[in-house]
Amino acid sequence: MSARAGDEAGFLVLWDALQPRLLRYLRVVGCDDVDDVAGETWLQVVRDLPKFKKDNADEFRAWLFTIARHRAIDAARSRRRFRDKVLATQPLPPLVTPGNPVEDEVFHELSTRQAVAMVAGLSKDQAEVVALRVIAGLDTEAVARILRKSPGAVRVALHRGLRTLSDDPRIQQIEEVDL
């Protein structure tokens, strides 16, 4: 892995390939500070990359998403502590991101957001398993290690989550349009 040796181009290849999946995963698990948590994740990866001794892409992905999960948990804890300290706050205005004028990219982003929203609508356990298996592309064993569950529990949560998604009327509408 050239990124481990300090090769900036090698690191950019990793970042380009995994950043979109990382952001989707963090949205699915309900992270409020997706960009901040992703940034903290990559900072830890850069810092600890020389210690990562495996050359397997699957192991690297599992390591990245384990770090991301821990950073998301830390961010949620920090947010709760902050909210407990603040007596009254003004609600923040919704974050508006400028749209991309290219029609194809807008439709792609819309469908991605809809898919992430549907997965996020599952139970927390199912959403995280579906996100790690489908969005992150990790195998059952890696997901089981990250979540500290048995592979059987991961398979059951995945099956139930995918079945719930397939029963969703929004998915059925898409299937009808494709016919």
# chains A, B, ... in the order shown; residues from 1 in each chain; ligands from 1
>>> residues_around(residues="segment 55-69 of chain A", least_positions_apart="5", cutoff="8 Å", atoms="only C-alpha atoms", output="PyMOL selection string")
chain A and resi 1+18+22+26+37-38+41+44-45+132+136+138+142-143+146
>>> closest_residue(among="A:Ala117, A:Leu162, A:Leu14, A:Cys31", to="Arg77 of chain A", atoms="only C-alpha atoms")
A:Cys31
>>> atom_distance(atom1="atom CA of Lys124 of chain A", atom2="atom CA of Asp16 of chain A")
27.3 Å
>>> atom_distance(atom1="atom CA of Glu128 of chain A", atom2="atom CA of Leu147 of chain A")
8.7 Å
>>> residues_around(residues="Asp33 of chain A", least_positions_apart="4", cutoff="12 Å", atoms="only C-alpha atoms", output="PyMOL selection string")
chain A and resi 23+26-27+29+37-41+68+71-76+78-79+95
>>> write_last_selection(atoms="N, CA and C atoms", output="short mmCIF file (atom, residue, chain, number, x, y, z; two decimals), in the first residue's frame")
data_model
loop_
_atom_site.label_atom_id
_atom_site.label_comp_id
_atom_site.auth_asym_id
_atom_site.auth_seq_id
_atom_site.Cartn_x
_atom_site.Cartn_y
_atom_site.Cartn_z
N LEU A 23 -19.39 8.59 3.83
CA LEU A 23 -20.43 9.60 4.08
C LEU A 23 -21.82 8.98 4.13
N LEU A 26 -22.24 7.09 7.43
CA LEU A 26 -22.45 7.99 8.57
C LEU A 26 -23.85 8.59 8.56
N ARG A 27 -24.40 8.87 7.38
CA ARG A 27 -25.77 9.37 7.32
C ARG A 27 -26.75 8.29 7.79
N VAL A 29 -26.29 5.85 9.90
CA VAL A 29 -26.25 5.62 11.35
C VAL A 29 -26.70 6.84 12.14
N VAL A 37 -17.24 14.16 11.25
CA VAL A 37 -16.88 12.81 11.68
C VAL A 37 -16.05 12.12 10.60
N ALA A 38 -16.41 12.31 9.35
CA ALA A 38 -15.61 11.73 8.26
C ALA A 38 -14.20 12.31 8.28
N GLY A 39 -14.09 13.61 8.50
CA GLY A 39 -12.77 14.24 8.58
C GLY A 39 -11.95 13.69 9.73
N GLU A 40 -12.58 13.54 10.90
CA GLU A 40 -11.89 12.97 12.05
C GLU A 40 -11.46 11.52 11.77
N THR A 41 -12.31 10.80 11.06
CA THR A 41 -11.98 9.42 10.70
C THR A 41 -10.73 9.38 9.84
N ALA A 68 -14.63 4.89 11.78
CA ALA A 68 -15.77 5.79 11.56
C ALA A 68 -16.88 5.54 12.58
N ARG A 71 -15.78 7.05 15.86
CA ARG A 71 -15.82 8.52 15.81
C ARG A 71 -17.28 9.01 15.87
N ALA A 72 -18.20 8.29 15.20
CA ALA A 72 -19.62 8.68 15.24
C ALA A 72 -20.19 8.52 16.65
N ILE A 73 -19.81 7.45 17.33
CA ILE A 73 -20.26 7.25 18.71
C ILE A 73 -19.71 8.36 19.60
N ASP A 74 -18.43 8.69 19.44
CA ASP A 74 -17.82 9.77 20.22
C ASP A 74 -18.52 11.10 19.97
N ALA A 75 -18.84 11.38 18.70
CA ALA A 75 -19.51 12.64 18.35
C ALA A 75 -20.90 12.70 18.98
N ALA A 76 -21.63 11.58 18.98
CA ALA A 76 -22.96 11.56 19.58
C ALA A 76 -22.87 11.79 21.09
N SER A 78 -20.48 13.41 22.71
CA SER A 78 -20.09 14.80 22.90
C SER A 78 -21.28 15.74 22.70
N ARG A 79 -22.07 15.45 21.68
CA ARG A 79 -23.25 16.27 21.39
C ARG A 79 -24.24 16.21 22.55
N LEU A 95 -29.50 23.51 6.78
CA LEU A 95 -28.33 23.65 5.94
C LEU A 95 -28.75 23.50 4.49
#
